[in-house]
Amino acid sequence: MNKNSLSIKKFATYACVAAFGLGFLGTLQSCKETIDSSNFAISKEETITDHLHNNAQYSQIYKILQRVKLGSKESASALASVLSARGNYTIFAPTDSAMNVYLKQILGEGKTIDNLTDEQAQRIAYSCIIDNGTEGAYESPNFPTTGGAFPKGDLNNRSISIKQLTDSTKNPIDTYYAVNGSSRVVKADIKLSNGYLHEVNAVIAPSDKYLPDLISEAGNLNVMAGLLAATGWDKKLVESIDLAYENKEHETEPRNFSNVQGSFKEADHRYYGFTGFVETDDVFAKEWGVPAPVMAADGKTVSNMDAIIASIRSKCEAAYGNAAAGDLTNEENAINKFVAYHFLMGRLGYNQFVAHFNEWGYKYGDASSPQQNKYSIDISDYFTTVGQHPEILKITQVASDKNIYINRVALYNSTDYTKWKYEGNEKLSVPQKGVLVSAENVVNGKAIDNNALNGYYFPINKVLLFDEDSRKALGQERIRFDITTCLPELLSYGCRSARQHAYFPRGYFNNITNASESTRLLYLHSSVVGGGGWRDYEGDELMALGVYDFVLKLPPVPIDGDYEIRMGCSNNSVRGMCQIYFGDSPNNLIPAGLPLDMRQNGKGNDNIGWVIDGKDEAVNAENDKNMRNRGWMKAPRSFTVTDGKGETDLRNLGSGEILRRVITVQRLEKGKTYYLRFKSALNQSDAQFFSDYFEYVPRSVFNGTEPEDQW
């Protein structure tokens, strides 16, 4: 890795992101043991441009890279020049035969690359290159193996997905990688002086269609496509980038902040994105008896939508009520709410729903590229759906088989989270199995593109209905949500999945409002400093600096009830003191207790009462009770210091500076929006406000018949 390497992002003032740009990023997975090394190329000390020029099978992509410039300025450099400079680049280079197939597909018979428009040429060039900046380029041992996106996007800030596939009909068995579903890596790991080149047999050109259009064209999602059109959501899920933000001046060089580790680059784009979970037509027919869709003569619309809508109306109204029954475009309508619950704010790839990093027992290895082959405990995150009536949606990845589920509720052993509460009895231990999410959409035996310009969609195996049973199941468990899942713009920008620091100006987040002029918001990930032994839930945090004052919009609760609202704390001497407010009006919030002093240790502090656990569990429980009476709790045992070992939980660490603060206990109602305000109680410009995770804890958990677990 060359720390002084030239970055494509520094080469250009800006790229043409408005046409194609929605970046999204994912985690890496190791697969050394499964790839046939006979396909690897011998290392040569050529640049990427040299190699393309010196090998005749790349003549057409080489010509395109000579033609296409980085950015739209007259002085911009051609990509061929950029790729001849120092740096760390990953390129998926199509052969001439692959180019010929693609040209025929988009231009017709007899056309050449000279007939490509500038936009078409740029799409081809930008879509096959990843600028890895100061990090090493991607080689095959670090490719995802079970489906997912690379941490860094292409030059259009679009994600590149890759999956390891096996053809067992071949002898010997053929194992290979497929990029974006259809481009096969035929020669991997051509190591060059400024990166890695991987030869592919098909041009990589992700769809430039919006999410509803990609669903409509899938062929097996016609019921949902018809519902999107009938409810008007096909016109609402089409945002991709904030052009006003694009036109503003942004800092181009990273900044350093006092007492904060690492440097921070200002977010240079503000993306909108959506993630959809979609039943196939077969699932609708099997689960609900929905009539098979009949396509109209135009081949695009469903001619029997009236019959389909009639077959689902009663089920939707049973879950969402019968308001505005005659108007499907009204967001009060039950079918409209049903459709809205299928889409999240924020763009998430399949391997980006949950953040595996420092959970108990997980040994991640390399902090910048954690291993994804062996997980320790199930991990969940909570997200918010679209619409005027957003709802909470839980996503869980099961450690044992790596499957992803929506609204899964499982009961674990209170002393060992790797085991069921009712050991050996999955039926009792998993009261709500949830809806299984597939990484890709397979139609007629072939995976088709589910990566839209402004998001992803994923097929699901059951009808996704947020009915009373689902609400109650979620409403009877502790809901611990990372603050990043409250910020769709951060998820779509991709710094979380890329594990990179970032700096966000005021107004960047829709869910953070009323920010003072001096409020500065930083995203930090511990992998930037190599793990560093940080104490963050899922390895990351959002920090406010300055004499801050801002309001955070909270996710909705699933059911009415009394909830304890908590926040995670990682106290130290450079933190500040904060007054917290709570309420349902962002402009009229009520103070929630005394100011929170984030500079305190818990040990030996009568205001907190932290005492390290001993061998007597009764004494430990009494100590916990005394802490709660003061409004504090120890940190959960489910996550550890970020050292990659997964062994040191935070409940008994150090001097008790890793804590949970009980903010307030309130009666909360489903369908109502609540807010927290955080205001610095010090006139100190460099005091830090640490924000990591929050908890909604129903009375049945914090004051139930069984004690709340320590996890």
# chains A, B, ... in the order shown; residues from 1 in each chain; ligands from 1
>>> residues_around(residues="region 504-508 of chain A", least_positions_apart="6", cutoff="6 Å", atoms="only C-alpha atoms", output="JSON, numbers by chain")
{"A": [266, 267, 521]}
>>> write_last_selection(atoms="C-alpha atoms", output="PDB file, in the first residue's frame")
ATOM      1  CA  GLU A 266     -15.822  16.435   3.805  1.00  0.00           C
ATOM      2  CA  ALA A 267     -18.569  14.448   2.097  1.00  0.00           C
ATOM      3  CA  LEU A 521     -20.490  16.353  12.807  1.00  0.00           C
TER       4      LEU A 521
END
>>> select_by_dssp(residues="region 306-474 of chain A", states="strand (DSSP E)", output="PyMOL selection string")
chain A and resi 343-345+379-384+392-397+404-406+412-413+416-420+435-437+441-443+446-448+451-452+455-460
>>> closest_residue(among="A:Lys462, A:Lys625, A:Arg660, A:Lys394", to="Lys286 (chain A)", atoms="only C-alpha atoms")
A:Lys462
>>> atom_distance(atom1="CA of Ala296 (chain A)", atom2="CA of Phe284 (chain A)")
19.5 Å
>>> residues_around(residues="Tyr675 (chain A)", least_positions_apart="2", cutoff="7 Å", atoms="only C-alpha atoms", output="list in words")
Val551, Leu552, Lys553, Leu554, Phe582, Gly583, Asp584, Pro586, Thr673 and Arg677 of chain A
>>> closest_residue(among="A:Pro488, A:Pro459, A:Pro172, A:Gly602", to="Ile215 (chain A)", atoms="only C-alpha atoms")
A:Pro459
>>> residues_around(residues="Asn259 (chain A)", least_positions_apart="2", cutoff="10 Å", atoms="only C-alpha atoms", output="MDAnalysis selection string")
chainID A and resid 256:257 261:262 574:575 686:688
>>> write_last_selection(atoms="N, CA and C atoms", output="compact mmCIF listing (two decimals), in the first residue's frame")
# COMPACT_ATOMS: atom_id res chain seq x y z
N ASN A 256 -7.97 17.87 9.99
CA ASN A 256 -7.70 17.30 11.30
C ASN A 256 -8.42 18.13 12.36
N PHE A 257 -8.87 17.46 13.41
CA PHE A 257 -9.57 18.14 14.49
C PHE A 257 -8.85 17.84 15.80
N GLN A 261 -8.56 11.34 16.60
CA GLN A 261 -7.62 10.54 15.82
C GLN A 261 -8.04 10.47 14.36
N GLY A 262 -7.09 10.62 13.44
CA GLY A 262 -7.35 10.48 12.02
C GLY A 262 -7.73 11.80 11.38
N VAL A 574 -11.65 14.20 27.26
CA VAL A 574 -11.83 15.21 26.21
C VAL A 574 -13.29 15.34 25.79
N ARG A 575 -14.18 14.62 26.45
CA ARG A 575 -15.61 14.80 26.20
C ARG A 575 -16.08 16.10 26.85
N ASP A 686 -13.80 22.68 21.64
CA ASP A 686 -13.23 21.38 21.28
C ASP A 686 -13.77 20.23 22.14
N ALA A 687 -14.78 20.49 22.97
CA ALA A 687 -15.36 19.41 23.77
C ALA A 687 -16.17 18.48 22.87
N GLN A 688 -16.04 17.19 23.10
CA GLN A 688 -16.65 16.19 22.22
C GLN A 688 -17.98 15.70 22.77
>>> residues_around(residues="Asp281 (chain A)", least_positions_apart="6", cutoff="6 Å", atoms="only C-alpha atoms", output="list of chain:residue names")
A:Asn220, A:Leu221, A:Val223
>>> write_last_selection(atoms="N, CA, C and O atoms", output="PDB file, in the first residue's frame")
ATOM      1  N   ASN A 220     -40.283 -11.339 -12.845  1.00  0.00           N
ATOM      2  CA  ASN A 220     -40.928 -12.183 -11.833  1.00  0.00           C
ATOM      3  C   ASN A 220     -41.449 -11.372 -10.650  1.00  0.00           C
ATOM      4  O   ASN A 220     -41.815 -11.919  -9.623  1.00  0.00           O
ATOM      5  N   LEU A 221     -41.486 -10.044 -10.816  1.00  0.00           N
ATOM      6  CA  LEU A 221     -41.925  -9.145  -9.743  1.00  0.00           C
ATOM      7  C   LEU A 221     -43.066  -8.260 -10.216  1.00  0.00           C
ATOM      8  O   LEU A 221     -43.201  -7.102  -9.815  1.00  0.00           O
ATOM      9  N   VAL A 223     -46.348  -8.318  -9.699  1.00  0.00           N
ATOM     10  CA  VAL A 223     -47.352  -7.874  -8.729  1.00  0.00           C
ATOM     11  C   VAL A 223     -46.855  -6.625  -8.009  1.00  0.00           C
ATOM     12  O   VAL A 223     -47.574  -5.613  -7.924  1.00  0.00           O
TER      13      VAL A 223
END
>>> residues_around(residues="Ala205 (chain A)", least_positions_apart="3", cutoff="7 Å", atoms="only C-alpha atoms", output="PyMOL selection string")
chain A and resi 123-124+127
>>> select_by_dssp(residues="region 482-541 of chain A", states="helix (DSSP H, G or I)", output="VMD selection string")
chain A and resid 483 to 486 488 to 493 495 to 498 526 to 529 537 to 539
>>> write_last_selection(atoms="N, CA, C and O atoms", output="mmCIF file, in the first residue's frame")
data_model
loop_
_atom_site.group_PDB
_atom_site.id
_atom_site.type_symbol
_atom_site.label_atom_id
_atom_site.label_comp_id
_atom_site.auth_asym_id
_atom_site.auth_seq_id
_atom_site.Cartn_x
_atom_site.Cartn_y
_atom_site.Cartn_z
ATOM 1 N N ILE A 483 -26.701 4.700 15.753
ATOM 2 C CA ILE A 483 -27.138 6.011 15.280
ATOM 3 C C ILE A 483 -27.019 6.141 13.767
ATOM 4 O O ILE A 483 -27.784 6.863 13.126
ATOM 5 N N THR A 484 -26.096 5.405 13.156
ATOM 6 C CA THR A 484 -25.939 5.514 11.706
ATOM 7 C C THR A 484 -27.174 5.033 10.959
ATOM 8 O O THR A 484 -27.462 5.497 9.853
ATOM 9 N N THR A 485 -27.930 4.101 11.553
ATOM 10 C CA THR A 485 -29.127 3.610 10.870
ATOM 11 C C THR A 485 -30.252 4.638 10.911
ATOM 12 O O THR A 485 -31.267 4.464 10.228
ATOM 13 N N CYS A 486 -30.090 5.696 11.703
ATOM 14 C CA CYS A 486 -31.044 6.815 11.706
ATOM 15 C C CYS A 486 -30.715 7.842 10.638
ATOM 16 O O CYS A 486 -31.463 8.814 10.460
ATOM 17 N N PRO A 488 -30.026 8.008 6.830
ATOM 18 C CA PRO A 488 -29.965 7.357 5.512
ATOM 19 C C PRO A 488 -28.919 7.953 4.582
ATOM 20 O O PRO A 488 -28.322 7.230 3.772
ATOM 21 N N GLU A 489 -28.668 9.249 4.693
ATOM 22 C CA GLU A 489 -27.672 9.870 3.814
ATOM 23 C C GLU A 489 -26.277 9.329 4.099
ATOM 24 O O GLU A 489 -25.467 9.163 3.186
ATOM 25 N N LEU A 490 -25.988 9.044 5.367
ATOM 26 C CA LEU A 490 -24.696 8.465 5.722
ATOM 27 C C LEU A 490 -24.578 7.057 5.159
ATOM 28 O O LEU A 490 -23.531 6.668 4.617
ATOM 29 N N LEU A 491 -25.661 6.276 5.262
ATOM 30 C CA LEU A 491 -25.642 4.919 4.718
ATOM 31 C C LEU A 491 -25.429 4.949 3.213
ATOM 32 O O LEU A 491 -24.661 4.161 2.656
ATOM 33 N N SER A 492 -26.123 5.862 2.531
ATOM 34 C CA SER A 492 -26.006 5.940 1.072
ATOM 35 C C SER A 492 -24.649 6.485 0.644
ATOM 36 O O SER A 492 -24.130 6.113 -0.412
ATOM 37 N N TYR A 493 -24.066 7.360 1.452
ATOM 38 C CA TYR A 493 -22.732 7.878 1.131
ATOM 39 C C TYR A 493 -21.688 6.779 1.209
ATOM 40 O O TYR A 493 -20.723 6.766 0.450
ATOM 41 N N CYS A 495 -19.680 5.689 3.889
ATOM 42 C CA CYS A 495 -18.493 5.698 4.742
ATOM 43 C C CYS A 495 -18.566 4.635 5.828
ATOM 44 O O CYS A 495 -17.529 4.154 6.306
ATOM 45 N N ARG A 496 -19.780 4.219 6.211
ATOM 46 C CA ARG A 496 -19.880 3.184 7.239
ATOM 47 C C ARG A 496 -19.403 1.840 6.706
ATOM 48 O O ARG A 496 -18.589 1.167 7.335
ATOM 49 N N SER A 497 -19.910 1.436 5.562
ATOM 50 C CA SER A 497 -19.506 0.137 5.025
ATOM 51 C C SER A 497 -18.072 0.152 4.516
ATOM 52 O O SER A 497 -17.409 -0.878 4.483
ATOM 53 N N ALA A 498 -17.578 1.345 4.143
ATOM 54 C CA ALA A 498 -16.178 1.462 3.717
ATOM 55 C C ALA A 498 -15.236 1.609 4.899
ATOM 56 O O ALA A 498 -14.019 1.555 4.734
ATOM 57 N N SER A 526 -13.170 2.893 13.808
ATOM 58 C CA SER A 526 -11.926 2.524 14.474
ATOM 59 C C SER A 526 -10.935 1.837 13.546
ATOM 60 O O SER A 526 -9.736 1.801 13.841
ATOM 61 N N SER A 527 -11.393 1.291 12.422
ATOM 62 C CA SER A 527 -10.456 0.623 11.508
ATOM 63 C C SER A 527 -9.477 1.611 10.884
ATOM 64 O O SER A 527 -8.397 1.217 10.440
ATOM 65 N N VAL A 528 -9.843 2.902 10.846
ATOM 66 C CA VAL A 528 -8.950 3.915 10.287
ATOM 67 C C VAL A 528 -7.642 3.970 11.062
ATOM 68 O O VAL A 528 -6.584 4.270 10.506
ATOM 69 N N VAL A 529 -7.708 3.655 12.343
ATOM 70 C CA VAL A 529 -6.499 3.634 13.167
ATOM 71 C C VAL A 529 -6.114 2.196 13.513
ATOM 72 O O VAL A 529 -5.503 1.926 14.543
ATOM 73 N N TYR A 537 -19.699 0.546 19.714
ATOM 74 C CA TYR A 537 -20.633 -0.481 19.235
ATOM 75 C C TYR A 537 -20.511 -0.563 17.723
ATOM 76 O O TYR A 537 -20.586 0.435 17.012
ATOM 77 N N GLU A 538 -20.250 -1.759 17.207
ATOM 78 C CA GLU A 538 -20.067 -2.026 15.781
ATOM 79 C C GLU A 538 -18.903 -1.237 15.184
ATOM 80 O O GLU A 538 -18.815 -1.053 13.972
ATOM 81 N N GLY A 539 -18.006 -0.763 16.051
ATOM 82 C CA GLY A 539 -16.744 -0.187 15.586
ATOM 83 C C GLY A 539 -16.778 1.266 15.182
ATOM 84 O O GLY A 539 -15.748 1.807 14.770
#
>>> closest_residue(among="A:Ile377, A:Leu545, A:Asn157, A:Asp234", to="Asn413 (chain A)", atoms="only C-alpha atoms")
A:Ile377
>>> decode(residues="region 462-497 of chain A", atoms="N, CA, C and O atoms", output="compact mmCIF listing (two decimals), in the first residue's frame")
# COMPACT_ATOMS: atom_id res chain seq x y z
N LYS A 462 -41.42 -14.65 1.92
CA LYS A 462 -42.76 -14.57 2.48
C LYS A 462 -43.30 -13.17 2.24
O LYS A 462 -42.53 -12.23 2.00
N VAL A 463 -44.62 -13.03 2.36
CA VAL A 463 -45.20 -11.70 2.26
C VAL A 463 -44.82 -10.89 3.49
O VAL A 463 -44.95 -11.36 4.62
N LEU A 464 -44.31 -9.69 3.26
CA LEU A 464 -43.84 -8.82 4.34
C LEU A 464 -44.98 -7.92 4.79
O LEU A 464 -45.31 -6.93 4.13
N LEU A 465 -45.58 -8.27 5.91
CA LEU A 465 -46.72 -7.53 6.45
C LEU A 465 -46.43 -7.18 7.90
O LEU A 465 -46.15 -8.07 8.71
N PHE A 466 -46.49 -5.90 8.23
CA PHE A 466 -46.24 -5.48 9.61
C PHE A 466 -47.56 -5.49 10.37
O PHE A 466 -48.15 -4.47 10.68
N ASP A 467 -48.01 -6.71 10.69
CA ASP A 467 -49.29 -6.88 11.37
C ASP A 467 -49.09 -6.85 12.89
O ASP A 467 -47.98 -6.63 13.38
N GLU A 468 -50.18 -7.08 13.63
CA GLU A 468 -50.11 -6.99 15.08
C GLU A 468 -49.14 -8.00 15.68
O GLU A 468 -48.45 -7.70 16.66
N ASP A 469 -49.08 -9.20 15.11
CA ASP A 469 -48.16 -10.20 15.65
C ASP A 469 -46.71 -9.74 15.52
O ASP A 469 -45.90 -9.90 16.45
N SER A 470 -46.36 -9.18 14.34
CA SER A 470 -44.99 -8.70 14.13
C SER A 470 -44.70 -7.51 15.04
O SER A 470 -43.60 -7.40 15.60
N ARG A 471 -45.66 -6.61 15.16
CA ARG A 471 -45.47 -5.45 16.04
C ARG A 471 -45.21 -5.88 17.47
O ARG A 471 -44.28 -5.39 18.13
N LYS A 472 -46.05 -6.80 17.97
CA LYS A 472 -45.90 -7.25 19.36
C LYS A 472 -44.57 -7.96 19.58
O LYS A 472 -43.94 -7.80 20.63
N ALA A 473 -44.16 -8.74 18.59
CA ALA A 473 -42.90 -9.47 18.74
C ALA A 473 -41.73 -8.49 18.88
O ALA A 473 -40.86 -8.67 19.76
N LEU A 474 -41.69 -7.45 18.04
CA LEU A 474 -40.62 -6.46 18.15
C LEU A 474 -40.79 -5.60 19.40
O LEU A 474 -39.81 -5.18 20.02
N GLY A 475 -42.05 -5.34 19.77
CA GLY A 475 -42.32 -4.46 20.89
C GLY A 475 -42.10 -5.07 22.24
O GLY A 475 -42.26 -4.39 23.26
N GLN A 476 -41.74 -6.35 22.29
CA GLN A 476 -41.47 -7.02 23.56
C GLN A 476 -40.00 -7.36 23.73
O GLN A 476 -39.63 -8.14 24.60
N GLU A 477 -39.14 -6.76 22.88
CA GLU A 477 -37.71 -6.99 23.02
C GLU A 477 -36.98 -5.66 23.11
O GLU A 477 -37.51 -4.60 22.73
N ARG A 478 -35.76 -5.70 23.61
CA ARG A 478 -34.91 -4.51 23.65
C ARG A 478 -34.49 -4.16 22.23
O ARG A 478 -33.96 -4.99 21.50
N ILE A 479 -34.74 -2.93 21.84
CA ILE A 479 -34.40 -2.46 20.49
C ILE A 479 -33.15 -1.59 20.62
O ILE A 479 -33.21 -0.46 21.11
N ARG A 480 -32.02 -2.11 20.20
CA ARG A 480 -30.76 -1.37 20.24
C ARG A 480 -30.40 -0.97 18.81
O ARG A 480 -30.14 -1.82 17.97
N PHE A 481 -30.40 0.32 18.55
CA PHE A 481 -30.14 0.78 17.19
C PHE A 481 -28.92 1.70 17.13
O PHE A 481 -28.76 2.59 17.96
N ASP A 482 -28.08 1.45 16.17
CA ASP A 482 -26.91 2.28 15.92
C ASP A 482 -27.36 3.62 15.36
O ASP A 482 -28.27 3.68 14.54
N ILE A 483 -26.70 4.70 15.75
CA ILE A 483 -27.14 6.01 15.28
C ILE A 483 -27.02 6.14 13.77
O ILE A 483 -27.78 6.86 13.13
N THR A 484 -26.10 5.40 13.16
CA THR A 484 -25.94 5.51 11.71
C THR A 484 -27.17 5.03 10.96
O THR A 484 -27.46 5.50 9.85
N THR A 485 -27.93 4.10 11.55
CA THR A 485 -29.13 3.61 10.87
C THR A 485 -30.25 4.64 10.91
O THR A 485 -31.27 4.46 10.23
N CYS A 486 -30.09 5.70 11.70
CA CYS A 486 -31.04 6.81 11.71
C CYS A 486 -30.71 7.84 10.64
O CYS A 486 -31.46 8.81 10.46
N LEU A 487 -29.59 7.67 9.93
CA LEU A 487 -29.09 8.68 9.01
C LEU A 487 -28.94 8.07 7.61
O LEU A 487 -27.85 7.64 7.22
N PRO A 488 -30.03 8.01 6.83
CA PRO A 488 -29.97 7.36 5.51
C PRO A 488 -28.92 7.95 4.58
O PRO A 488 -28.32 7.23 3.77
N GLU A 489 -28.67 9.25 4.69
CA GLU A 489 -27.67 9.87 3.81
C GLU A 489 -26.28 9.33 4.10
O GLU A 489 -25.47 9.16 3.19
N LEU A 490 -25.99 9.04 5.37
CA LEU A 490 -24.70 8.46 5.72
C LEU A 490 -24.58 7.06 5.16
O LEU A 490 -23.53 6.67 4.62
N LEU A 491 -25.66 6.28 5.26
CA LEU A 491 -25.64 4.92 4.72
C LEU A 491 -25.43 4.95 3.21
O LEU A 491 -24.66 4.16 2.66
N SER A 492 -26.12 5.86 2.53
CA SER A 492 -26.01 5.94 1.07
C SER A 492 -24.65 6.49 0.64
O SER A 492 -24.13 6.11 -0.41
N TYR A 493 -24.07 7.36 1.45
CA TYR A 493 -22.73 7.88 1.13
C TYR A 493 -21.69 6.78 1.21
O TYR A 493 -20.72 6.77 0.45
N GLY A 494 -21.87 5.84 2.14
CA GLY A 494 -21.05 4.64 2.14
C GLY A 494 -19.87 4.63 3.07
O GLY A 494 -19.11 3.67 3.09
N CYS A 495 -19.68 5.69 3.89
CA CYS A 495 -18.49 5.70 4.74
C CYS A 495 -18.57 4.63 5.83
O CYS A 495 -17.53 4.15 6.31
N ARG A 496 -19.78 4.22 6.21
CA ARG A 496 -19.88 3.18 7.24
C ARG A 496 -19.40 1.84 6.71
O ARG A 496 -18.59 1.17 7.33
N SER A 497 -19.91 1.44 5.56
CA SER A 497 -19.51 0.14 5.02
C SER A 497 -18.07 0.15 4.52
O SER A 497 -17.41 -0.88 4.48
